[in-house]
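Source file: data_20.cif (mmCIF, N, CA and C atoms)
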```cif
data_target
loop_
_atom_site.label_atom_id
_atom_site.label_comp_id
_atom_site.auth_asym_id
_atom_site.auth_seq_id
_atom_site.Cartn_x
_atom_site.Cartn_y
_atom_site.Cartn_z
N SER Z 1 71.00 -53.01 -102.30
CA SER Z 1 70.37 -54.32 -102.39
C SER Z 1 69.83 -54.72 -101.02
N LYS Z 2 69.08 -55.80 -100.99
CA LYS Z 2 68.52 -56.28 -99.73
C LYS Z 2 69.62 -56.70 -98.76
N LEU Z 3 70.69 -57.32 -99.27
CA LEU Z 3 71.79 -57.75 -98.41
C LEU Z 3 72.48 -56.55 -97.78
N ASP Z 4 72.75 -55.52 -98.57
CA ASP Z 4 73.38 -54.31 -98.03
C ASP Z 4 72.50 -53.65 -96.98
N ALA Z 5 71.21 -53.61 -97.21
CA ALA Z 5 70.28 -53.01 -96.24
C ALA Z 5 70.29 -53.81 -94.94
N ARG Z 6 70.32 -55.12 -95.04
CA ARG Z 6 70.36 -55.97 -93.84
C ARG Z 6 71.65 -55.74 -93.06
N LYS Z 7 72.77 -55.65 -93.78
CA LYS Z 7 74.05 -55.40 -93.11
C LYS Z 7 74.04 -54.05 -92.40
N ARG Z 8 73.49 -53.03 -93.03
CA ARG Z 8 73.41 -51.71 -92.39
C ARG Z 8 72.53 -51.78 -91.14
N TRP Z 9 71.44 -52.54 -91.21
CA TRP Z 9 70.56 -52.69 -90.06
C TRP Z 9 71.29 -53.37 -88.91
N ILE Z 10 72.02 -54.42 -89.20
CA ILE Z 10 72.76 -55.14 -88.15
C ILE Z 10 73.80 -54.23 -87.50
N ILE Z 11 74.49 -53.45 -88.29
CA ILE Z 11 75.56 -52.60 -87.78
C ILE Z 11 75.02 -51.45 -86.93
N SER Z 12 73.91 -50.87 -87.32
CA SER Z 12 73.52 -49.60 -86.72
C SER Z 12 72.24 -49.61 -85.89
N SER Z 13 71.47 -50.67 -85.92
CA SER Z 13 70.15 -50.57 -85.31
C SER Z 13 70.15 -50.71 -83.79
N ILE Z 14 70.35 -51.88 -83.29
CA ILE Z 14 70.20 -52.13 -81.86
C ILE Z 14 71.54 -52.36 -81.19
N SER Z 15 71.57 -52.17 -79.89
CA SER Z 15 72.79 -52.39 -79.14
C SER Z 15 73.09 -53.88 -79.05
N PRO Z 16 74.34 -54.24 -79.23
CA PRO Z 16 74.71 -55.65 -79.10
C PRO Z 16 74.46 -56.16 -77.69
N LYS Z 17 74.01 -57.41 -77.58
CA LYS Z 17 73.71 -58.02 -76.29
C LYS Z 17 74.92 -58.73 -75.70
N GLY Z 18 75.92 -59.01 -76.52
CA GLY Z 18 77.10 -59.72 -76.03
C GLY Z 18 78.24 -59.61 -77.01
N GLU Z 19 79.31 -60.32 -76.69
CA GLU Z 19 80.52 -60.26 -77.51
C GLU Z 19 81.12 -61.66 -77.64
N LEU Z 20 81.75 -61.88 -78.78
CA LEU Z 20 82.55 -63.07 -78.99
C LEU Z 20 83.98 -62.62 -79.26
N ILE Z 21 84.93 -63.24 -78.59
CA ILE Z 21 86.35 -63.00 -78.86
C ILE Z 21 86.80 -64.15 -79.76
N ILE Z 22 87.41 -63.82 -80.90
CA ILE Z 22 87.78 -64.84 -81.87
C ILE Z 22 89.29 -64.86 -82.11
N ASP Z 23 89.78 -65.96 -82.67
CA ASP Z 23 91.20 -66.07 -82.99
C ASP Z 23 91.49 -65.46 -84.37
N GLU Z 24 92.75 -65.43 -84.74
CA GLU Z 24 93.16 -64.81 -86.01
C GLU Z 24 92.61 -65.54 -87.23
N GLY Z 25 92.56 -66.86 -87.17
CA GLY Z 25 92.02 -67.63 -88.29
C GLY Z 25 90.55 -67.30 -88.55
N ALA Z 26 89.79 -67.16 -87.49
CA ALA Z 26 88.38 -66.80 -87.63
C ALA Z 26 88.24 -65.38 -88.17
N LYS Z 27 89.10 -64.49 -87.71
CA LYS Z 27 89.07 -63.10 -88.20
C LYS Z 27 89.35 -63.06 -89.71
N LYS Z 28 90.33 -63.83 -90.15
CA LYS Z 28 90.65 -63.88 -91.59
C LYS Z 28 89.47 -64.43 -92.38
N ALA Z 29 88.83 -65.47 -91.85
CA ALA Z 29 87.67 -66.07 -92.53
C ALA Z 29 86.55 -65.03 -92.67
N LEU Z 30 86.26 -64.31 -91.59
CA LEU Z 30 85.20 -63.29 -91.64
C LEU Z 30 85.55 -62.20 -92.66
N ASN Z 31 86.81 -61.79 -92.67
CA ASN Z 31 87.24 -60.75 -93.62
C ASN Z 31 87.12 -61.21 -95.06
N ASN Z 32 87.12 -62.54 -95.27
CA ASN Z 32 86.98 -63.10 -96.61
C ASN Z 32 85.54 -63.51 -96.92
N GLY Z 33 84.59 -63.05 -96.09
CA GLY Z 33 83.19 -63.30 -96.35
C GLY Z 33 82.69 -64.66 -95.91
N LYS Z 34 83.48 -65.37 -95.13
CA LYS Z 34 83.08 -66.70 -94.65
C LYS Z 34 82.31 -66.58 -93.34
N SER Z 35 81.68 -67.67 -92.94
CA SER Z 35 80.95 -67.73 -91.67
C SER Z 35 81.90 -68.02 -90.52
N LEU Z 36 81.49 -67.61 -89.33
CA LEU Z 36 82.25 -67.88 -88.13
C LEU Z 36 81.92 -69.28 -87.63
N LEU Z 37 82.95 -70.09 -87.42
CA LEU Z 37 82.77 -71.43 -86.88
C LEU Z 37 83.08 -71.43 -85.39
N ALA Z 38 82.46 -72.33 -84.65
CA ALA Z 38 82.65 -72.40 -83.20
C ALA Z 38 84.12 -72.58 -82.81
N ALA Z 39 84.90 -73.27 -83.62
CA ALA Z 39 86.31 -73.50 -83.30
C ALA Z 39 87.10 -72.21 -83.19
N GLY Z 40 86.67 -71.15 -83.87
CA GLY Z 40 87.38 -69.88 -83.83
C GLY Z 40 87.01 -68.99 -82.66
N ILE Z 41 86.00 -69.37 -81.90
CA ILE Z 41 85.55 -68.57 -80.76
C ILE Z 41 86.36 -68.94 -79.53
N LYS Z 42 87.00 -67.97 -78.94
CA LYS Z 42 87.86 -68.21 -77.78
C LYS Z 42 87.22 -67.79 -76.46
N LYS Z 43 86.28 -66.85 -76.50
CA LYS Z 43 85.64 -66.39 -75.28
C LYS Z 43 84.28 -65.80 -75.61
N VAL Z 44 83.33 -65.97 -74.68
CA VAL Z 44 81.99 -65.42 -74.82
C VAL Z 44 81.75 -64.45 -73.67
N ASN Z 45 81.36 -63.22 -73.98
CA ASN Z 45 81.05 -62.21 -72.96
C ASN Z 45 79.59 -61.82 -73.05
N GLY Z 46 78.91 -61.78 -71.92
CA GLY Z 46 77.52 -61.36 -71.87
C GLY Z 46 76.56 -62.52 -72.00
N LYS Z 47 75.28 -62.19 -71.84
CA LYS Z 47 74.21 -63.17 -71.98
C LYS Z 47 73.36 -62.78 -73.17
N PHE Z 48 73.20 -63.71 -74.10
CA PHE Z 48 72.40 -63.44 -75.28
C PHE Z 48 71.73 -64.73 -75.75
N ASN Z 49 70.70 -64.56 -76.53
CA ASN Z 49 69.93 -65.69 -77.06
C ASN Z 49 70.12 -65.80 -78.57
N LYS Z 50 69.70 -66.92 -79.11
CA LYS Z 50 69.74 -67.12 -80.55
C LYS Z 50 68.99 -65.96 -81.22
N GLY Z 51 69.61 -65.38 -82.24
CA GLY Z 51 69.00 -64.28 -82.98
C GLY Z 51 69.36 -62.90 -82.48
N ASP Z 52 70.03 -62.82 -81.31
CA ASP Z 52 70.43 -61.52 -80.77
C ASP Z 52 71.60 -60.92 -81.54
N HIS Z 53 71.71 -59.63 -81.47
CA HIS Z 53 72.77 -58.86 -82.11
C HIS Z 53 74.01 -58.91 -81.22
N ILE Z 54 75.16 -59.29 -81.78
CA ILE Z 54 76.40 -59.38 -81.01
C ILE Z 54 77.56 -58.70 -81.74
N LYS Z 55 78.57 -58.33 -80.95
CA LYS Z 55 79.82 -57.81 -81.50
C LYS Z 55 80.82 -58.95 -81.56
N ILE Z 56 81.69 -58.91 -82.54
CA ILE Z 56 82.75 -59.89 -82.67
C ILE Z 56 84.07 -59.14 -82.59
N LEU Z 57 84.89 -59.53 -81.62
CA LEU Z 57 86.14 -58.84 -81.33
C LEU Z 57 87.32 -59.77 -81.57
N ASP Z 58 88.46 -59.17 -81.95
CA ASP Z 58 89.68 -59.98 -82.06
C ASP Z 58 90.35 -60.07 -80.69
N ARG Z 59 91.48 -60.70 -80.63
CA ARG Z 59 92.16 -60.92 -79.34
C ARG Z 59 92.64 -59.64 -78.67
N THR Z 60 92.72 -58.54 -79.43
CA THR Z 60 93.11 -57.25 -78.85
C THR Z 60 91.89 -56.41 -78.48
N ASN Z 61 90.72 -57.03 -78.50
CA ASN Z 61 89.43 -56.38 -78.20
C ASN Z 61 89.03 -55.32 -79.22
N LYS Z 62 89.57 -55.41 -80.42
CA LYS Z 62 89.16 -54.53 -81.51
C LYS Z 62 87.97 -55.16 -82.23
N GLU Z 63 86.91 -54.38 -82.41
CA GLU Z 63 85.72 -54.90 -83.09
C GLU Z 63 86.05 -55.16 -84.56
N CYS Z 64 85.74 -56.37 -85.01
CA CYS Z 64 86.00 -56.70 -86.41
C CYS Z 64 84.74 -57.09 -87.16
N ALA Z 65 83.62 -57.28 -86.43
CA ALA Z 65 82.37 -57.63 -87.10
C ALA Z 65 81.21 -57.50 -86.12
N ARG Z 66 80.01 -57.55 -86.67
CA ARG Z 66 78.78 -57.65 -85.90
C ARG Z 66 77.90 -58.65 -86.61
N GLY Z 67 77.01 -59.25 -85.87
CA GLY Z 67 76.14 -60.22 -86.51
C GLY Z 67 74.99 -60.64 -85.63
N LEU Z 68 74.18 -61.53 -86.18
CA LEU Z 68 73.07 -62.11 -85.44
C LEU Z 68 73.51 -63.52 -85.05
N CYS Z 69 73.38 -63.81 -83.79
CA CYS Z 69 73.88 -65.05 -83.22
C CYS Z 69 72.99 -66.24 -83.57
N SER Z 70 73.61 -67.36 -83.88
CA SER Z 70 72.88 -68.59 -84.17
C SER Z 70 72.67 -69.46 -82.94
N PHE Z 71 73.35 -69.12 -81.85
CA PHE Z 71 73.26 -69.88 -80.60
C PHE Z 71 73.17 -68.93 -79.43
N SER Z 72 72.69 -69.42 -78.30
CA SER Z 72 72.67 -68.59 -77.09
C SER Z 72 74.04 -68.65 -76.42
N SER Z 73 74.31 -67.70 -75.54
CA SER Z 73 75.60 -67.66 -74.85
C SER Z 73 75.75 -68.81 -73.88
N GLY Z 74 74.68 -69.48 -73.52
CA GLY Z 74 74.75 -70.58 -72.58
C GLY Z 74 75.04 -71.93 -73.19
N VAL Z 75 75.30 -72.01 -74.48
CA VAL Z 75 75.58 -73.29 -75.12
C VAL Z 75 76.89 -73.83 -74.57
N SER Z 76 76.86 -75.03 -74.02
CA SER Z 76 78.03 -75.57 -73.32
C SER Z 76 79.11 -76.10 -74.23
N SER Z 77 78.87 -76.22 -75.54
CA SER Z 77 79.88 -76.77 -76.43
C SER Z 77 80.93 -75.76 -76.84
N LEU Z 78 80.80 -74.49 -76.45
CA LEU Z 78 81.81 -73.49 -76.82
C LEU Z 78 82.92 -73.47 -75.86
#
```
In structure tokens, how does this file's structure come out?
Amino acid sequence: SKLDARKRWIISSISPKGELIIDEGAKKALNNGKSLLAAGIKKVNGKFNKGDHIKILDRTNKECARGLCSFSSGVSSL
């Protein structure tokens, strides 16, 4: 399907520009198909802009997801 093709593109196409470290609650939400909320982000690594490809890591630095960012890394509200 189109959604599966998009997910494959996000996972394999371009190198991630940055990383988000998330808490356990956010990790559980992502595993259940939910969106990542700012409250679950504990640390931002790298410089990236809205729409860039990023890695999402848990507190042990294990990759748990990849995605396209809705905000730049410079947003001060995180």
- Task: Can you give me, as a VMD selection string, the residues this file yields under the PyMOL selection byres (((chain Z and resi 11 and name CA) around 12) and name CA)?
- Result: chain Z and resid 4 to 10 12 to 16 53 to 56 63 to 68
Export, as a PDB file, in the coordinates of the input, the selected residues with N, CA and C atoms.
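Final file, again.pdb:
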```pdb
ATOM      1  N   ASP Z   4      72.750 -55.520 -98.570  1.00  0.00           N
ATOM      2  CA  ASP Z   4      73.380 -54.310 -98.030  1.00  0.00           C
ATOM      3  C   ASP Z   4      72.500 -53.650 -96.980  1.00  0.00           C
ATOM      4  N   ALA Z   5      71.210 -53.610 -97.210  1.00  0.00           N
ATOM      5  CA  ALA Z   5      70.280 -53.010 -96.240  1.00  0.00           C
ATOM      6  C   ALA Z   5      70.290 -53.810 -94.940  1.00  0.00           C
ATOM      7  N   ARG Z   6      70.320 -55.120 -95.040  1.00  0.00           N
ATOM      8  CA  ARG Z   6      70.360 -55.970 -93.840  1.00  0.00           C
ATOM      9  C   ARG Z   6      71.650 -55.740 -93.060  1.00  0.00           C
ATOM     10  N   LYS Z   7      72.770 -55.650 -93.780  1.00  0.00           N
ATOM     11  CA  LYS Z   7      74.050 -55.400 -93.110  1.00  0.00           C
ATOM     12  C   LYS Z   7      74.040 -54.050 -92.400  1.00  0.00           C
ATOM     13  N   ARG Z   8      73.490 -53.030 -93.030  1.00  0.00           N
ATOM     14  CA  ARG Z   8      73.410 -51.710 -92.390  1.00  0.00           C
ATOM     15  C   ARG Z   8      72.530 -51.780 -91.140  1.00  0.00           C
ATOM     16  N   TRP Z   9      71.440 -52.540 -91.210  1.00  0.00           N
ATOM     17  CA  TRP Z   9      70.560 -52.690 -90.060  1.00  0.00           C
ATOM     18  C   TRP Z   9      71.290 -53.370 -88.910  1.00  0.00           C
ATOM     19  N   ILE Z  10      72.020 -54.420 -89.200  1.00  0.00           N
ATOM     20  CA  ILE Z  10      72.760 -55.140 -88.150  1.00  0.00           C
ATOM     21  C   ILE Z  10      73.800 -54.230 -87.500  1.00  0.00           C
ATOM     22  N   SER Z  12      73.910 -50.870 -87.320  1.00  0.00           N
ATOM     23  CA  SER Z  12      73.520 -49.600 -86.720  1.00  0.00           C
ATOM     24  C   SER Z  12      72.240 -49.610 -85.890  1.00  0.00           C
ATOM     25  N   SER Z  13      71.470 -50.670 -85.920  1.00  0.00           N
ATOM     26  CA  SER Z  13      70.150 -50.570 -85.310  1.00  0.00           C
ATOM     27  C   SER Z  13      70.150 -50.710 -83.790  1.00  0.00           C
ATOM     28  N   ILE Z  14      70.350 -51.880 -83.290  1.00  0.00           N
ATOM     29  CA  ILE Z  14      70.200 -52.130 -81.860  1.00  0.00           C
ATOM     30  C   ILE Z  14      71.540 -52.360 -81.190  1.00  0.00           C
ATOM     31  N   SER Z  15      71.570 -52.170 -79.890  1.00  0.00           N
ATOM     32  CA  SER Z  15      72.790 -52.390 -79.140  1.00  0.00           C
ATOM     33  C   SER Z  15      73.090 -53.880 -79.050  1.00  0.00           C
ATOM     34  N   PRO Z  16      74.340 -54.240 -79.230  1.00  0.00           N
ATOM     35  CA  PRO Z  16      74.710 -55.650 -79.100  1.00  0.00           C
ATOM     36  C   PRO Z  16      74.460 -56.160 -77.690  1.00  0.00           C
ATOM     37  N   HIS Z  53      71.710 -59.630 -81.470  1.00  0.00           N
ATOM     38  CA  HIS Z  53      72.770 -58.860 -82.110  1.00  0.00           C
ATOM     39  C   HIS Z  53      74.010 -58.910 -81.220  1.00  0.00           C
ATOM     40  N   ILE Z  54      75.160 -59.290 -81.780  1.00  0.00           N
ATOM     41  CA  ILE Z  54      76.400 -59.380 -81.010  1.00  0.00           C
ATOM     42  C   ILE Z  54      77.560 -58.700 -81.740  1.00  0.00           C
ATOM     43  N   LYS Z  55      78.570 -58.330 -80.950  1.00  0.00           N
ATOM     44  CA  LYS Z  55      79.820 -57.810 -81.500  1.00  0.00           C
ATOM     45  C   LYS Z  55      80.820 -58.950 -81.560  1.00  0.00           C
ATOM     46  N   ILE Z  56      81.690 -58.910 -82.540  1.00  0.00           N
ATOM     47  CA  ILE Z  56      82.750 -59.890 -82.670  1.00  0.00           C
ATOM     48  C   ILE Z  56      84.070 -59.140 -82.590  1.00  0.00           C
ATOM     49  N   GLU Z  63      86.910 -54.380 -82.410  1.00  0.00           N
ATOM     50  CA  GLU Z  63      85.720 -54.900 -83.090  1.00  0.00           C
ATOM     51  C   GLU Z  63      86.050 -55.160 -84.560  1.00  0.00           C
ATOM     52  N   CYS Z  64      85.740 -56.370 -85.010  1.00  0.00           N
ATOM     53  CA  CYS Z  64      86.000 -56.700 -86.410  1.00  0.00           C
ATOM     54  C   CYS Z  64      84.740 -57.090 -87.160  1.00  0.00           C
ATOM     55  N   ALA Z  65      83.620 -57.280 -86.430  1.00  0.00           N
ATOM     56  CA  ALA Z  65      82.370 -57.630 -87.100  1.00  0.00           C
ATOM     57  C   ALA Z  65      81.210 -57.500 -86.120  1.00  0.00           C
ATOM     58  N   ARG Z  66      80.010 -57.550 -86.670  1.00  0.00           N
ATOM     59  CA  ARG Z  66      78.780 -57.650 -85.900  1.00  0.00           C
ATOM     60  C   ARG Z  66      77.900 -58.650 -86.610  1.00  0.00           C
ATOM     61  N   GLY Z  67      77.010 -59.250 -85.870  1.00  0.00           N
ATOM     62  CA  GLY Z  67      76.140 -60.220 -86.510  1.00  0.00           C
ATOM     63  C   GLY Z  67      74.990 -60.640 -85.630  1.00  0.00           C
ATOM     64  N   LEU Z  68      74.180 -61.530 -86.180  1.00  0.00           N
ATOM     65  CA  LEU Z  68      73.070 -62.110 -85.440  1.00  0.00           C
ATOM     66  C   LEU Z  68      73.510 -63.520 -85.050  1.00  0.00           C
TER      67      LEU Z  68
END
```
- Query: Counting only N, CA and C atoms, what is within 7 Å of Ala26 of chain Z, bar same-chain residues fewer than 6 positions away, as a ChimeraX atom specification?
  - Reply: /Z:36-37,40-41
Restricting the output to N, CA and C atoms, write the selected residues as a PDB file, keeping the file's coordinate frame.
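That gives us result27.pdb:
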```
ATOM      1  N   LEU Z  36      81.490 -67.610 -89.330  1.00  0.00           N
ATOM      2  CA  LEU Z  36      82.250 -67.880 -88.130  1.00  0.00           C
ATOM      3  C   LEU Z  36      81.920 -69.280 -87.630  1.00  0.00           C
ATOM      4  N   LEU Z  37      82.950 -70.090 -87.420  1.00  0.00           N
ATOM      5  CA  LEU Z  37      82.770 -71.430 -86.880  1.00  0.00           C
ATOM      6  C   LEU Z  37      83.080 -71.430 -85.390  1.00  0.00           C
ATOM      7  N   GLY Z  40      86.670 -71.150 -83.870  1.00  0.00           N
ATOM      8  CA  GLY Z  40      87.380 -69.880 -83.830  1.00  0.00           C
ATOM      9  C   GLY Z  40      87.010 -68.990 -82.660  1.00  0.00           C
ATOM     10  N   ILE Z  41      86.000 -69.370 -81.900  1.00  0.00           N
ATOM     11  CA  ILE Z  41      85.550 -68.570 -80.760  1.00  0.00           C
ATOM     12  C   ILE Z  41      86.360 -68.940 -79.530  1.00  0.00           C
TER      13      ILE Z  41
END
```
- Message: Please list as a PyMOL selection string every residue within 8 Å of Asn61 of chain Z, counting only N, CA and C atoms and excluding residues in the same chain fewer than 4 positions away.
- Response: chain Z and resi 21-22+56-57
Using N, CA and C atoms, can you export the residues from the last selection as a PDB file, in the coordinates of the input?
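Final output, part-v4.pdb:
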```pdb
ATOM      1  N   ILE Z  21      84.930 -63.240 -78.590  1.00  0.00           N
ATOM      2  CA  ILE Z  21      86.350 -63.000 -78.860  1.00  0.00           C
ATOM      3  C   ILE Z  21      86.800 -64.150 -79.760  1.00  0.00           C
ATOM      4  N   ILE Z  22      87.410 -63.820 -80.900  1.00  0.00           N
ATOM      5  CA  ILE Z  22      87.780 -64.840 -81.870  1.00  0.00           C
ATOM      6  C   ILE Z  22      89.290 -64.860 -82.110  1.00  0.00           C
ATOM      7  N   ILE Z  56      81.690 -58.910 -82.540  1.00  0.00           N
ATOM      8  CA  ILE Z  56      82.750 -59.890 -82.670  1.00  0.00           C
ATOM      9  C   ILE Z  56      84.070 -59.140 -82.590  1.00  0.00           C
ATOM     10  N   LEU Z  57      84.890 -59.530 -81.620  1.00  0.00           N
ATOM     11  CA  LEU Z  57      86.140 -58.840 -81.330  1.00  0.00           C
ATOM     12  C   LEU Z  57      87.320 -59.770 -81.570  1.00  0.00           C
TER      13      LEU Z  57
END
```
- Item | Between atom CA of Lys27 of chain Z and atom CA of Lys47 of chain Z, distance in Å (one decimal) |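 One can read the atom CA of Lys27 of chain Z to atom CA of Lys47 of chain Z distance as 22.0 Å.
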Could you give me the centre and size, in Å to one decimal, of an axis-aligned box around all listed atoms of segment 5-24 of chain Z with 6 Å added on every side, as JSON?
```
{"center_x": 81.7, "center_y": -57.8, "center_z": -86.5, "size_x": 35.0, "size_y": 28.5, "size_z": 33.5}
```
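Residue-level DSSP output for chain Z, from the backbone, shows helix (DSSP H, G or I) at Lys2, Leu3, Asp4, Ala5, Arg6, Lys7, Arg8, Trp9, Ile10, Ile11, Ser12, Glu24, Gly25, Ala26, Lys27, Lys28, Ala29, Leu30, Asn31, Ala38, Ala39 and Gly40 of chain Z.
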- Quick one: everything within 6.5 Å of Gly51 of chain Z, counting all atoms listed in the file, minus sequence neighbours fewer than 2 positions away in the same chain. Send it as a VMD selection string. chain Z and resid 49 53 68 to 72
- How many Å separate atom CA of Arg59 of chain Z from atom N of Gly74 of chain Z? 20.3 Å
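Closest approach to Ala38 of chain Z among Z:Lys50, Z:Asp23, Z:Ser1, Z:Thr60 is made by Z:Asp23 (distances from only C-alpha atoms).
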- Query: Please, what distance in Å, to one decimal, runs between atom CA of Lys17 of chain Z and atom CA of Phe48 of chain Z?
  - Reply: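 Interatomic distance, atom CA of Lys17 of chain Z to atom CA of Phe48 of chain Z: 5.7 Å.
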- When the PyMOL selection byres (((chain Z and resi 45 and name CA) around 7) and name CA) is applied to the file above, which residues end up in the set, as a PyMOL selection string? chain Z and resi 18-20+43-44+46-47
